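Single-structure report; data block below.
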Amino acid sequence: MADRLLVVSREDWSLHRQGELDQQRHQEKVREAIRENLAELVSEESIILSDGRKVVKVPIRSLEEYRFRFDPYQGEHAGSGPGGTEVGHILGPARPDRGEAGPGAGPGAGDQPGVDYYEAEVTVDELAELIFADLGLPNLQQKRRAHLENPSVEFTDVRKQGLQANLDKRRTLLEALRRSARQGRRGLDGIRREDLRYKTWEEHHRPIASAVVLAMMDTSGSMGTFEKYIARSFYFWMVRFLRTCYRDVQIVFIAHDTRAREVTEEEFFTKGESGGTKCSAAYEKALEIIDQRFPPAEYNIYPFHFSDGDNFPSDNVRCVKLLSELLERSSAVGYGEITSSRYYRESTLMAAFERLQDPRFTCVQIRSKEEVYPALKRFFRRTEPVPGGLVG
Amino acid sequence: MTPAELALFERRLEEIDRIARSLGLDYYPVRFEVVPAQVMYTFGAYGMPRRFSHWSFGKAYHRMKTEYDFNLSRIYELVINANPAYAFLLEGNSLLQNLVVAAHVLAHVDFFKNNARFRRTARDMVETMAVHAERIRAYEFKYGREAVERVLDAALAIQDQVDPYTDPWAREPEEEPNLPERSPADGAAQDPYADLWALDRWLPGGTGEERQESPPAQPTRRAFPRRPVKDLVRFIAEASPILEPWERDVLLMIRQEMLYFWPQLETKIMNEGWATYFHTRIMRALDLSDAEALEFAQMHAGVIQPSPHQINPYLLGLKLFESIERRWDHPTPEERERWGRQGGEGRAKIFEVRETETDLSFIRNYLTKELVEELDLYLYAQVDGHWQVVEKDWERVRDHLVQRLTHCGIPYIVVEDGDYRGRGELLLRHRHEGWDLDRRYALKTLEHLYRLWGKPVHLATVEQGRERVYVFDGESAASP
């Protein structure tokens, strides 16, 4: 009917994907932006303290659509009420004014203008994937290879032929029901050969060896919340990363001042203690724990020690000696020095460790939250790829 | 809707058509298309069934679609200003919802066809934008997606800065080639009509102030542009020293699309008010079952729900039209005497308003004290970390709305000098009208502009009462 002015139609839109495609491009840009800001995001509180939440919001500045616009916080806005609203009526909390604390209240924050972040939602797994893209297991020794590789069996597939013992009863039953329904009969109509479904496995070559992280931290009076937060961020990603390489990762927390003791995670990160610092105590404890519980032939051992470097000078020689012993038993050993103070100083302990020329030993200094990521990268630097592919 | 419901919808559409015409609506032919949610939200994000690809549309699409998926908001309908007009109906709409939407859409199309601001909009923009999309896609193949995206990013950052008020393609009159540079000072000596030049300052883009006489010894530099230019996008596309022809083409396409959308930005309250006014009238005239009447009441109430933090254009527009109709139907004795209103002219008056006004004049001319009170309109601001109501006076509220609607709430910026400091740099000036710019956004936008202009870009504005010039010089942004 050509003369009809109003026409109704319905077409097939199933191939219309422009919105999805541009959304993908947007997502790509979000990932790019995240990659560029990894240093900041690695120590983002909402992630480290996410307690297993799967999705976190991360602020992304580069994806706003900039244009000339008026200051959204200045001046008045119009609204309408249910009737009889008086001057002075409060509508609700306002967002913080410009210039006030931005995300994270750590050192350096707060002087950036604007709070209008575009927040992207990413899963912690996605973020981890980006962070771990540059990490590798350092200095794996050849002798462990045989131990690390062991085929594991996972049932991942369903087929029509297989071993009788692997019959998937549930799927078989469903298949039988479907077939009888197709043939127009209600209910079960006997099970035929073509209904049978079998679980089938694939062999995975995954390292079976376990890893243990010996998290050591100086809890003497000079270690404040900032220092503990840095250590916490570092260990968070360290454990997560090792979990991608090993089936089982244990973590042992050793707190020390002049004496060392094994503590729970909560105590480790929250309890403040006072007193002087004797790092050798921690190393002794670590050695003791290794010898008692984690034979180096079975475990990949990763001791890492955070301190502010204020060690008794007389203790340094002993520290170096014990550290060498630790190195013999471990895959990689790290020492991280956190100095939140603005002036630069080289601690005595750091100087003492400089002389150690073992490729398995890494010394890092962290002065701000942004330096956690470079520290991770240095500790888990990719070295010569080990033949045979150790990482599952 | 099932095919059966669709057939029923078509039948009842004829009835709606008849009622709408009897009420005086005059619209283009309309093609109603039933689409799934994913397509509806794509069109919503792009503003058109077919438009060029850009990640910002993807971002908008994702946000809208997510809100729909979580049942936070819902677009019932989308209508495109074209001849014939296109209206898209959401697949999940019930039959009654689609009837309301159809009534609403017919009023929208009537508005597009008859409001003066739409006189110059291209009615074949659906096809034009599809062509633009093809062309930009071809540029992507030829010059790479990244290169095209960089230009689009920059072009979209300044797309608001066009000139919708003059003939979009009018050229500056060619300058007479042999005349020496004029200045008001030497003009006065030779030319009996020279004092007319001084009136230039009242022209659009003039300063409005008496010009300072410059010392005669200074060599006069030819002003470029001769007079401040409002259409930044076109100025950049035509005058940028660094852009490739295809990049200029992209800018001009974006400009054309923006000019098409501009009247819609200018008439949001009127257009929604008009459509809401007529969907209620049409639905009242339809023969509805009890259940349908209830469903309609529910849907209508949702549409005109007031919001404490913003103005609901559907509600404000509807109430304004109804108030105008009432005041012209039943004028007060004073109005009869002073303005010669006869009474009973309500319907004719609102048709006149829909033809001649924009949101700005609609509010300025017709928002009354009674209406501000009835709608409980107020102004609120940030006080001690809370949003607090700070103003109830109806004139202040009205003036605030008028000011916010001026230039569609977009800062008014002109190109003042395209050869700033004699170095080919760009100087823009923001005509400050009470609200400061968002500085961070302005600096970032200057970065985009720099990519299009190739030389440092400056923006003169006022911040907290003081003159400021924001600069981006290619490396860092500064606001000295």
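By order of appearance in the structure tokens: chains A, B, ..., then residues from 1 within every chain, and ligands from 1 in the order shown.
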Counting only C-alpha atoms, which residues in chain A sit no more than 6 Å from chain B? For each one, give the nearest pair of atoms and the distance in Å, sorted by chain then residue number, as CSV.
residue,atom,partner,partner_atom,distance
A:Leu5,CA,B:Pro29,CA,4.5
A:Leu6,CA,B:Val30,CA,5.0
A:Val7,CA,B:Arg31,CA,4.8
A:Val8,CA,B:Phe32,CA,4.6
A:Ser9,CA,B:Glu33,CA,5.0
A:Arg10,CA,B:Val34,CA,5.0
A:Gly19,CA,B:Thr42,CA,5.1
A:Asp22,CA,B:Gly58,CA,4.2
A:Gln23,CA,B:Gly58,CA,3.7
A:Arg25,CA,B:Trp55,CA,5.6
A:His26,CA,B:Trp55,CA,4.8
A:Tyr66,CA,B:Tyr441,CA,5.4
A:Arg67,CA,B:Ala157,CA,4.6
A:Phe68,CA,B:Ala442,CA,5.3
A:Arg69,CA,B:Leu437,CA,5.8
A:Phe70,CA,B:Leu437,CA,4.3
A:Asp71,CA,B:Asp438,CA,4.0
A:Glu76,CA,B:Ala381,CA,4.7
A:His77,CA,B:Tyr380,CA,5.4
A:Ala78,CA,B:Leu379,CA,4.5
A:Gly79,CA,B:Gln310,CA,4.3
A:Ser80,CA,B:Leu377,CA,4.3
A:Gly81,CA,B:Asp376,CA,5.3
A:Gly83,CA,B:Asp376,CA,5.0
A:Val87,CA,B:Val389,CA,5.1
A:Gly88,CA,B:Val389,CA,5.1
A:His89,CA,B:Val389,CA,5.3
A:Ile90,CA,B:Gln388,CA,4.4
A:Leu91,CA,B:Trp387,CA,5.3
A:Gly92,CA,B:Trp387,CA,5.5
A:Pro93,CA,B:His386,CA,4.2
A:Ala94,CA,B:His386,CA,4.7
Filtering to C-alpha atoms, could you give me those residues as a PDB file, in the first residue's frame?
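Result file follows (selection-v5.pdb):
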ATOM      1  CA  LEU A   5       1.676   7.210   5.771  1.00  0.00           C
ATOM      2  CA  LEU A   6       2.329   5.141   8.845  1.00  0.00           C
ATOM      3  CA  VAL A   7       4.158   1.891   8.276  1.00  0.00           C
ATOM      4  CA  VAL A   8       5.115  -0.734  10.813  1.00  0.00           C
ATOM      5  CA  SER A   9       7.834  -3.237  10.098  1.00  0.00           C
ATOM      6  CA  ARG A  10      10.106  -5.654  11.838  1.00  0.00           C
ATOM      7  CA  GLY A  19      27.506  -0.940  19.282  1.00  0.00           C
ATOM      8  CA  ASP A  22      32.736   0.072  19.374  1.00  0.00           C
ATOM      9  CA  GLN A  23      32.290  -1.119  22.917  1.00  0.00           C
ATOM     10  CA  ARG A  25      37.292  -0.727  21.058  1.00  0.00           C
ATOM     11  CA  HIS A  26      36.402   1.185  24.187  1.00  0.00           C
ATOM     12  CA  TYR A  66      36.984  16.239  26.942  1.00  0.00           C
ATOM     13  CA  ARG A  67      35.290  19.354  25.625  1.00  0.00           C
ATOM     14  CA  PHE A  68      34.812  22.933  26.659  1.00  0.00           C
ATOM     15  CA  ARG A  69      32.308  22.796  29.455  1.00  0.00           C
ATOM     16  CA  PHE A  70      31.324  24.709  32.532  1.00  0.00           C
ATOM     17  CA  ASP A  71      32.662  23.853  35.919  1.00  0.00           C
ATOM     18  CA  GLU A  76      23.477  26.487  41.380  1.00  0.00           C
ATOM     19  CA  HIS A  77      21.423  23.767  39.785  1.00  0.00           C
ATOM     20  CA  ALA A  78      17.693  23.442  39.348  1.00  0.00           C
ATOM     21  CA  GLY A  79      15.503  20.643  40.615  1.00  0.00           C
ATOM     22  CA  SER A  80      11.923  20.043  41.593  1.00  0.00           C
ATOM     23  CA  GLY A  81      10.484  18.675  44.783  1.00  0.00           C
ATOM     24  CA  GLY A  83       5.795  20.291  46.891  1.00  0.00           C
ATOM     25  CA  VAL A  87      15.128  26.947  51.436  1.00  0.00           C
ATOM     26  CA  GLY A  88      17.662  25.044  53.505  1.00  0.00           C
ATOM     27  CA  HIS A  89      16.253  21.625  52.688  1.00  0.00           C
ATOM     28  CA  ILE A  90      19.095  19.152  52.250  1.00  0.00           C
ATOM     29  CA  LEU A  91      18.959  16.925  49.183  1.00  0.00           C
ATOM     30  CA  GLY A  92      21.873  14.713  50.006  1.00  0.00           C
ATOM     31  CA  PRO A  93      25.622  14.547  50.257  1.00  0.00           C
ATOM     32  CA  ALA A  94      27.607  16.277  47.541  1.00  0.00           C
TER      33      ALA A  94
END
Neighbours of segment 328-332 of chain B within 10 Å (only C-alpha atoms; same-chain residues fewer than 6 positions away dropped), as number ranges by chain? B: 338-350
Take the residues from that selection and put them in a file with N, CA and C atoms, as a JSON list (two decimals), in the first residue's frame.
[["chain", "number", "residue", "atom", "x", "y", "z"],
["B", 338, "ARG", "N", -6.02, 44.34, 28.66],
["B", 338, "ARG", "CA", -4.71, 44.85, 28.23],
["B", 338, "ARG", "C", -4.21, 44.21, 26.95],
["B", 339, "TRP", "N", -4.38, 42.91, 26.81],
["B", 339, "TRP", "CA", -3.79, 42.22, 25.66],
["B", 339, "TRP", "C", -4.82, 41.82, 24.61],
["B", 340, "GLY", "N", -6.06, 42.12, 24.91],
["B", 340, "GLY", "CA", -7.11, 41.82, 23.95],
["B", 340, "GLY", "C", -7.32, 40.33, 23.72],
["B", 341, "ARG", "N", -7.07, 39.52, 24.77],
["B", 341, "ARG", "CA", -7.30, 38.08, 24.60],
["B", 341, "ARG", "C", -8.80, 37.79, 24.63],
["B", 342, "GLN", "N", -9.26, 37.03, 23.69],
["B", 342, "GLN", "CA", -10.68, 36.76, 23.57],
["B", 342, "GLN", "C", -11.15, 35.63, 24.48],
["B", 343, "GLY", "N", -10.24, 34.73, 24.84],
["B", 343, "GLY", "CA", -10.65, 33.50, 25.52],
["B", 343, "GLY", "C", -10.92, 32.44, 24.48],
["B", 344, "GLY", "N", -10.69, 31.19, 24.89],
["B", 344, "GLY", "CA", -10.94, 30.09, 23.95],
["B", 344, "GLY", "C", -9.89, 29.95, 22.87],
["B", 345, "GLU", "N", -8.76, 30.66, 23.02],
["B", 345, "GLU", "CA", -7.73, 30.59, 21.99],
["B", 345, "GLU", "C", -6.58, 29.68, 22.39],
["B", 346, "GLY", "N", -6.80, 28.90, 23.44],
["B", 346, "GLY", "CA", -5.71, 28.10, 24.01],
["B", 346, "GLY", "C", -5.03, 27.19, 23.01],
["B", 347, "ARG", "N", -5.81, 26.38, 22.31],
["B", 347, "ARG", "CA", -5.23, 25.41, 21.40],
["B", 347, "ARG", "C", -4.43, 26.12, 20.29],
["B", 348, "ALA", "N", -5.03, 27.18, 19.76],
["B", 348, "ALA", "CA", -4.34, 27.92, 18.69],
["B", 348, "ALA", "C", -3.03, 28.50, 19.22],
["B", 349, "LYS", "N", -3.06, 28.98, 20.46],
["B", 349, "LYS", "CA", -1.87, 29.60, 21.03],
["B", 349, "LYS", "C", -0.74, 28.58, 21.17],
["B", 350, "ILE", "N", -1.05, 27.37, 21.68],
["B", 350, "ILE", "CA", 0.06, 26.43, 21.86],
["B", 350, "ILE", "C", 0.62, 25.99, 20.51]]
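Note that the spacing between atom CA of Tyr143 of chain B and atom CA of Phe235 of chain B amounts to 23.4 Å.
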Just the residues within 10 Å of Thr258 of chain A, please, counting only C-alpha atoms, with nothing from its chain fewer than 6 positions along; format it as a list in words.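 Near Thr258 of chain A, the qualifying residues are Asp218, Thr219, Ser220, Ser274, Gly275, Gly276, Thr277, Lys278, Cys279, Ser280, Ala281, Ala282, Asn311 and Phe312 of chain A.
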Report as a PyMOL selection string: the residues of segment 213-459 of chain B with a DSSP assignment of alpha helix (DSSP H), based on the backbone of this structure. chain B and resi 232-239+245-266+268-285+290-303+313-329+333-339+346-356+359-366+369-374+394-405+439-453
Distance in Å - atom CA of Phe236 of chain A versus atom CA of Lys369 of chain A: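 Separating atom CA of Phe236 of chain A from atom CA of Lys369 of chain A is a distance of 13.7 Å.
Compared by their closest atoms to Arg35 of chain A, and using only C-alpha atoms, the residues A:Asp257, A:Tyr373, A:Lys321, A:Glu337 rank with A:Tyr373 nearest.
Between atom CA of Pro333 of chain B and atom CA of Arg354 of chain B the interatomic distance comes to 25.8 Å.
Restricting the calculation to only C-alpha atoms, the smallest distance between Phe321 of chain B and any of B:Thr276, B:Glu127, B:Arg364, B:His300 is found for B:Thr276.
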